[in-house]
Amino acid sequence: MGKLAVRALRAVLTVVLAGTVLVQALMVWALATDPESGSLPLTPLRVITILGMVSGQVALVSVWRLVTMVRRGTVFSHAAFRYVDAVIGAIVAASLLWFAVTALNAPGQRADPGVTVIMGGVGLAILGVALIVLVLRMLLVQAVARDVEAAQMQAELDEVI
């Protein structure tokens with residue numbers, strides 16, 4: 001991975017992380033100062049937004065750590081699994097939070113249930129991303145196993161020579 005790509009990715013991650021922190025701060029401020037009014041239950045939506053930002057932040061930090069490992073050439077190790085698992089967990093949590101938003105929004109969509117169906121489809125798509133990352137994790141498991149096997153063969157060869 002080139003230096004330019006790493007710097008660009010880190011810049012994007014930094015901006016997105018700062019944005020999520022800003023949204024969280026605004027939601028906490030809104031929870032504390034703005035009374036609930038209207039037909040939508042704002043307090044649960046604000047709490048879900050805060051938790052959604054946390055799941056995004058977990059994924060961002062984990063991707064940052066994985067990029068660091070790629071840059072150092074240590075990504076093919078067992079240490080990478082915890083970061084990949086954290087990304088998978090964050091995506092699953094985001095999907096569950098989206099399903100909660102869908103459930104909160106559903107009563108207001110009785111006249112047009114298609115919106116609720118579409119929102120449910122978006123939640124399934126988010127779960128699909130988690131499954132894709134899980135498949136990539138399985139590929140990482142295979143790569144780590146091959147790397148360990150190659151290191152063992154190299155050690156045996158070094159003994160023979």
# chains A, B, ... in the order shown; residues from 1 in each chain; ligands from 1

$ residues_around --residues "A:Val67" --least-positions-apart "6" --cutoff "9 Å" --atoms "only C-alpha atoms" --output "list in words"
Met1, Val6, Leu9, Arg10 and Val75 of chain A

$ write_last_selection --atoms "N, CA, C and O atoms" --output "tab-separated table (two decimals), in the first residue's frame"
chain	number	residue	atom	x	y	z
A	1	MET	N	0.86	-1.17	0.00
A	1	MET	CA	0.00	0.00	0.00
A	1	MET	C	0.90	1.23	0.00
A	1	MET	O	1.76	1.37	0.86
A	6	VAL	N	-2.21	5.56	1.84
A	6	VAL	CA	-2.34	5.53	3.30
A	6	VAL	C	-2.70	6.91	3.83
A	6	VAL	O	-3.60	7.06	4.67
A	9	LEU	N	-6.33	7.75	2.88
A	9	LEU	CA	-7.29	7.00	3.70
A	9	LEU	C	-7.32	7.54	5.12
A	9	LEU	O	-8.40	7.71	5.71
A	10	ARG	N	-6.17	7.84	5.67
A	10	ARG	CA	-6.13	8.39	7.03
A	10	ARG	C	-6.80	9.76	7.09
A	10	ARG	O	-7.45	10.09	8.08
A	75	VAL	N	0.10	-7.32	8.86
A	75	VAL	CA	-1.33	-7.60	8.82
A	75	VAL	C	-1.61	-9.10	8.77
A	75	VAL	O	-2.67	-9.55	9.21

$ residues_around --residues "A:Asp85" --least-positions-apart "3" --cutoff "10 Å" --atoms "only C-alpha atoms" --output "compact mmCIF listing (two decimals) with N, CA and C atoms, in the first residue's frame"
# COMPACT_ATOMS: atom_id res chain seq x y z
N ALA A 59 -15.53 1.07 14.01
CA ALA A 59 -15.08 0.60 12.70
C ALA A 59 -13.94 1.47 12.16
N SER A 62 -10.71 0.75 14.02
CA SER A 62 -10.22 -0.58 13.64
C SER A 62 -9.59 -0.56 12.25
N ALA A 80 -4.35 -9.14 13.79
CA ALA A 80 -5.28 -8.46 12.89
C ALA A 80 -6.72 -8.92 13.09
N PHE A 81 -6.88 -10.13 13.60
CA PHE A 81 -8.24 -10.68 13.73
C PHE A 81 -9.11 -9.85 14.67
N ARG A 82 -8.53 -9.33 15.73
CA ARG A 82 -9.37 -8.57 16.67
C ARG A 82 -9.91 -7.30 16.03
N ILE A 88 -16.55 -6.17 12.02
CA ILE A 88 -17.76 -6.98 11.81
C ILE A 88 -18.79 -6.67 12.89
N GLY A 89 -18.36 -6.61 14.14
CA GLY A 89 -19.28 -6.30 15.23
C GLY A 89 -19.90 -4.92 15.09
N ALA A 90 -19.10 -3.96 14.67
CA ALA A 90 -19.62 -2.60 14.49
C ALA A 90 -20.66 -2.55 13.37
N ILE A 91 -20.43 -3.29 12.30
CA ILE A 91 -21.39 -3.30 11.20
C ILE A 91 -22.68 -3.99 11.62
N ALA A 130 -21.59 -6.88 6.51
CA ALA A 130 -20.92 -7.63 7.59
C ALA A 130 -20.53 -9.03 7.11
N VAL A 133 -17.43 -8.79 4.95
CA VAL A 133 -16.23 -8.63 5.77
C VAL A 133 -15.89 -9.96 6.45
N LEU A 134 -16.90 -10.73 6.82
CA LEU A 134 -16.65 -12.06 7.41
C LEU A 134 -15.94 -12.97 6.41
N ARG A 137 -12.47 -11.96 6.26
CA ARG A 137 -11.78 -12.46 7.45
C ARG A 137 -11.32 -13.90 7.23

$ select_by_dssp --residues "stretch 22-81 of chain A" --states "helix (DSSP H, G or I)" --output "PyMOL selection string"
chain A and resi 22-33+42-72+79-81

$ closest_residue --among "A:Asn105, A:Thr116, A:Thr68, A:Gln154" --to "A:Lys3" --atoms "only C-alpha atoms"
A:Thr68

$ closest_residue --among "A:Val15, A:Val63, A:Leu96, A:Val47" --to "A:Ala30" --atoms "only C-alpha atoms"
A:Val47

$ residues_around --residues "A:Ile126" --least-positions-apart "6" --cutoff "10 Å" --atoms "only C-alpha atoms" --output "PDB file with all heavy atoms, in the first residue's frame"
ATOM      1  N   ILE A  91     -20.429  -3.287  12.301  1.00  0.00           N
ATOM      2  CA  ILE A  91     -21.389  -3.305  11.196  1.00  0.00           C
ATOM      3  C   ILE A  91     -22.681  -3.991  11.622  1.00  0.00           C
ATOM      4  O   ILE A  91     -23.786  -3.516  11.313  1.00  0.00           O
ATOM      5  CB  ILE A  91     -20.781  -3.971   9.949  1.00  0.00           C
ATOM      6  CG1 ILE A  91     -19.602  -3.151   9.417  1.00  0.00           C
ATOM      7  CG2 ILE A  91     -21.833  -4.149   8.856  1.00  0.00           C
ATOM      8  CD1 ILE A  91     -18.794  -3.855   8.342  1.00  0.00           C
ATOM      9  N   VAL A  92     -22.572  -5.094  12.345  1.00  0.00           N
ATOM     10  CA  VAL A  92     -23.772  -5.781  12.839  1.00  0.00           C
ATOM     11  C   VAL A  92     -24.542  -4.867  13.794  1.00  0.00           C
ATOM     12  O   VAL A  92     -25.774  -4.770  13.730  1.00  0.00           O
ATOM     13  CB  VAL A  92     -23.405  -7.125  13.507  1.00  0.00           C
ATOM     14  CG1 VAL A  92     -24.597  -7.715  14.247  1.00  0.00           C
ATOM     15  CG2 VAL A  92     -22.889  -8.106  12.466  1.00  0.00           C
ATOM     16  N   ALA A  93     -23.826  -4.174  14.673  1.00  0.00           N
ATOM     17  CA  ALA A  93     -24.487  -3.240  15.596  1.00  0.00           C
ATOM     18  C   ALA A  93     -25.196  -2.130  14.824  1.00  0.00           C
ATOM     19  O   ALA A  93     -26.334  -1.764  15.154  1.00  0.00           O
ATOM     20  CB  ALA A  93     -23.464  -2.649  16.562  1.00  0.00           C
ATOM     21  N   ALA A  94     -24.560  -1.609  13.789  1.00  0.00           N
ATOM     22  CA  ALA A  94     -25.188  -0.565  12.971  1.00  0.00           C
ATOM     23  C   ALA A  94     -26.457  -1.093  12.304  1.00  0.00           C
ATOM     24  O   ALA A  94     -27.470  -0.386  12.233  1.00  0.00           O
ATOM     25  CB  ALA A  94     -24.201  -0.055  11.919  1.00  0.00           C
ATOM     26  N   SER A  95     -26.412  -2.330  11.857  1.00  0.00           N
ATOM     27  CA  SER A  95     -27.591  -2.932  11.242  1.00  0.00           C
ATOM     28  C   SER A  95     -28.726  -3.065  12.255  1.00  0.00           C
ATOM     29  O   SER A  95     -29.879  -2.740  11.962  1.00  0.00           O
ATOM     30  CB  SER A  95     -27.241  -4.296  10.661  1.00  0.00           C
ATOM     31  OG  SER A  95     -28.393  -4.928  10.144  1.00  0.00           O
ATOM     32  N   LEU A  96     -28.408  -3.532  13.447  1.00  0.00           N
ATOM     33  CA  LEU A  96     -29.435  -3.668  14.493  1.00  0.00           C
ATOM     34  C   LEU A  96     -30.016  -2.312  14.871  1.00  0.00           C
ATOM     35  O   LEU A  96     -31.231  -2.183  15.091  1.00  0.00           O
ATOM     36  CB  LEU A  96     -28.856  -4.376  15.715  1.00  0.00           C
ATOM     37  CG  LEU A  96     -28.435  -5.832  15.486  1.00  0.00           C
ATOM     38  CD1 LEU A  96     -27.776  -6.398  16.737  1.00  0.00           C
ATOM     39  CD2 LEU A  96     -29.632  -6.681  15.063  1.00  0.00           C
ATOM     40  N   TRP A  98     -30.207   0.227  12.846  1.00  0.00           N
ATOM     41  CA  TRP A  98     -31.054   0.622  11.722  1.00  0.00           C
ATOM     42  C   TRP A  98     -32.419  -0.073  11.804  1.00  0.00           C
ATOM     43  O   TRP A  98     -33.453   0.531  11.527  1.00  0.00           O
ATOM     44  CB  TRP A  98     -30.371   0.321  10.389  1.00  0.00           C
ATOM     45  CG  TRP A  98     -31.215   0.791   9.243  1.00  0.00           C
ATOM     46  CD1 TRP A  98     -31.974   0.036   8.407  1.00  0.00           C
ATOM     47  CD2 TRP A  98     -31.414   2.145   8.841  1.00  0.00           C
ATOM     48  NE1 TRP A  98     -32.628   0.826   7.502  1.00  0.00           N
ATOM     49  CE2 TRP A  98     -32.304   2.134   7.747  1.00  0.00           C
ATOM     50  CE3 TRP A  98     -30.930   3.369   9.294  1.00  0.00           C
ATOM     51  CZ2 TRP A  98     -32.717   3.290   7.105  1.00  0.00           C
ATOM     52  CZ3 TRP A  98     -31.335   4.530   8.644  1.00  0.00           C
ATOM     53  CH2 TRP A  98     -32.222   4.476   7.566  1.00  0.00           C
ATOM     54  N   GLY A 120     -36.239  -1.860   5.863  1.00  0.00           N
ATOM     55  CA  GLY A 120     -35.826  -3.205   6.255  1.00  0.00           C
ATOM     56  C   GLY A 120     -34.813  -3.785   5.275  1.00  0.00           C
ATOM     57  O   GLY A 120     -33.849  -4.443   5.672  1.00  0.00           O
ATOM     58  N   ILE A 132     -19.839  -9.885   4.024  1.00  0.00           N
ATOM     59  CA  ILE A 132     -18.704  -9.727   3.102  1.00  0.00           C
ATOM     60  C   ILE A 132     -17.404  -9.591   3.885  1.00  0.00           C
ATOM     61  O   ILE A 132     -16.392 -10.220   3.561  1.00  0.00           O
ATOM     62  CB  ILE A 132     -18.923  -8.519   2.169  1.00  0.00           C
ATOM     63  CG1 ILE A 132     -20.047  -8.818   1.180  1.00  0.00           C
ATOM     64  CG2 ILE A 132     -17.640  -8.154   1.432  1.00  0.00           C
ATOM     65  CD1 ILE A 132     -20.521  -7.620   0.400  1.00  0.00           C
TER      66      ILE A 132
END

$ atom_distance --atom1 "atom CA of A:Phe76" --atom2 "atom CA of A:Gly2"
17.5 Å

$ closest_residue --among "A:Gly73, A:Val101, A:Thr20, A:Ala86" --to "A:Leu45" --atoms "only C-alpha atoms"
A:Val101

$ closest_residue --among "A:Val122, A:Ala151, A:Leu60, A:Val160" --to "A:Ala11" --atoms "only C-alpha atoms"
A:Leu60

$ closest_residue --among "A:Pro44, A:His78, A:Val144, A:Met69" --to "A:Ala103" --atoms "only C-alpha atoms"
A:Pro44

$ atom_distance --atom1 "atom CA of A:Thr33" --atom2 "atom CA of A:Val54"
21.4 Å

$ atom_distance --atom1 "atom CA of A:Met27" --atom2 "atom CA of A:Gly52"
11.4 Å

$ decode --residues "stretch 116-141 of chain A" --atoms "N, CA and C atoms" --output "JSON list (two decimals), in the first residue's frame"
[["chain", "number", "residue", "atom", "x", "y", "z"],
["A", 116, "THR", "N", -41.28, 1.26, 5.01],
["A", 116, "THR", "CA", -40.78, 0.35, 6.04],
["A", 116, "THR", "C", -40.10, -0.86, 5.41],
["A", 117, "VAL", "N", -40.65, -1.36, 4.33],
["A", 117, "VAL", "CA", -40.04, -2.49, 3.63],
["A", 117, "VAL", "C", -38.68, -2.09, 3.06],
["A", 118, "ILE", "N", -38.60, -0.90, 2.47],
["A", 118, "ILE", "CA", -37.32, -0.42, 1.94],
["A", 118, "ILE", "C", -36.31, -0.25, 3.05],
["A", 119, "MET", "N", -36.75, 0.32, 4.17],
["A", 119, "MET", "CA", -35.83, 0.49, 5.31],
["A", 119, "MET", "C", -35.35, -0.86, 5.83],
["A", 120, "GLY", "N", -36.24, -1.86, 5.86],
["A", 120, "GLY", "CA", -35.83, -3.21, 6.25],
["A", 120, "GLY", "C", -34.81, -3.79, 5.27],
["A", 121, "GLY", "N", -35.02, -3.50, 3.99],
["A", 121, "GLY", "CA", -34.05, -3.95, 2.97],
["A", 121, "GLY", "C", -32.69, -3.31, 3.16],
["A", 122, "VAL", "N", -32.68, -2.03, 3.55],
["A", 122, "VAL", "CA", -31.40, -1.35, 3.83],
["A", 122, "VAL", "C", -30.71, -2.03, 5.01],
["A", 123, "GLY", "N", -31.47, -2.39, 6.04],
["A", 123, "GLY", "CA", -30.89, -3.11, 7.19],
["A", 123, "GLY", "C", -30.28, -4.43, 6.76],
["A", 124, "LEU", "N", -30.98, -5.15, 5.88],
["A", 124, "LEU", "CA", -30.43, -6.42, 5.37],
["A", 124, "LEU", "C", -29.16, -6.18, 4.55],
["A", 125, "ALA", "N", -29.14, -5.09, 3.79],
["A", 125, "ALA", "CA", -27.95, -4.77, 3.00],
["A", 125, "ALA", "C", -26.76, -4.48, 3.93],
["A", 126, "ILE", "N", -27.02, -3.81, 5.02],
["A", 126, "ILE", "CA", -25.95, -3.53, 6.00],
["A", 126, "ILE", "C", -25.44, -4.85, 6.57],
["A", 127, "LEU", "N", -26.35, -5.77, 6.89],
["A", 127, "LEU", "CA", -25.92, -7.09, 7.36],
["A", 127, "LEU", "C", -25.11, -7.81, 6.28],
["A", 128, "GLY", "N", -25.48, -7.61, 5.02],
["A", 128, "GLY", "CA", -24.73, -8.20, 3.92],
["A", 128, "GLY", "C", -23.29, -7.72, 3.89],
["A", 129, "VAL", "N", -23.07, -6.44, 4.20],
["A", 129, "VAL", "CA", -21.70, -5.91, 4.27],
["A", 129, "VAL", "C", -20.93, -6.63, 5.37],
["A", 130, "ALA", "N", -21.59, -6.88, 6.51],
["A", 130, "ALA", "CA", -20.92, -7.63, 7.59],
["A", 130, "ALA", "C", -20.53, -9.03, 7.11],
["A", 131, "LEU", "N", -21.40, -9.66, 6.32],
["A", 131, "LEU", "CA", -21.07, -10.98, 5.80],
["A", 131, "LEU", "C", -19.90, -10.93, 4.82],
["A", 132, "ILE", "N", -19.84, -9.88, 4.02],
["A", 132, "ILE", "CA", -18.70, -9.73, 3.10],
["A", 132, "ILE", "C", -17.40, -9.59, 3.89],
["A", 133, "VAL", "N", -17.43, -8.79, 4.95],
["A", 133, "VAL", "CA", -16.23, -8.63, 5.77],
["A", 133, "VAL", "C", -15.89, -9.96, 6.45],
["A", 134, "LEU", "N", -16.90, -10.73, 6.82],
["A", 134, "LEU", "CA", -16.65, -12.06, 7.41],
["A", 134, "LEU", "C", -15.94, -12.97, 6.41],
["A", 135, "VAL", "N", -16.36, -12.93, 5.15],
["A", 135, "VAL", "CA", -15.68, -13.72, 4.10],
["A", 135, "VAL", "C", -14.24, -13.24, 3.96],
["A", 136, "LEU", "N", -14.02, -11.93, 3.97],
["A", 136, "LEU", "CA", -12.66, -11.40, 3.89],
["A", 136, "LEU", "C", -11.83, -11.85, 5.10],
["A", 137, "ARG", "N", -12.47, -11.96, 6.26],
["A", 137, "ARG", "CA", -11.78, -12.46, 7.45],
["A", 137, "ARG", "C", -11.32, -13.90, 7.23],
["A", 138, "MET", "N", -12.19, -14.70, 6.61],
["A", 138, "MET", "CA", -11.82, -16.09, 6.32],
["A", 138, "MET", "C", -10.62, -16.15, 5.38],
["A", 139, "LEU", "N", -10.57, -15.24, 4.42],
["A", 139, "LEU", "CA", -9.41, -15.17, 3.53],
["A", 139, "LEU", "C", -8.16, -14.78, 4.31],
["A", 140, "LEU", "N", -8.31, -13.87, 5.28],
["A", 140, "LEU", "CA", -7.17, -13.49, 6.13],
["A", 140, "LEU", "C", -6.70, -14.68, 6.96],
["A", 141, "VAL", "N", -7.63, -15.49, 7.46],
["A", 141, "VAL", "CA", -7.26, -16.69, 8.21],
["A", 141, "VAL", "C", -6.40, -17.60, 7.33]]
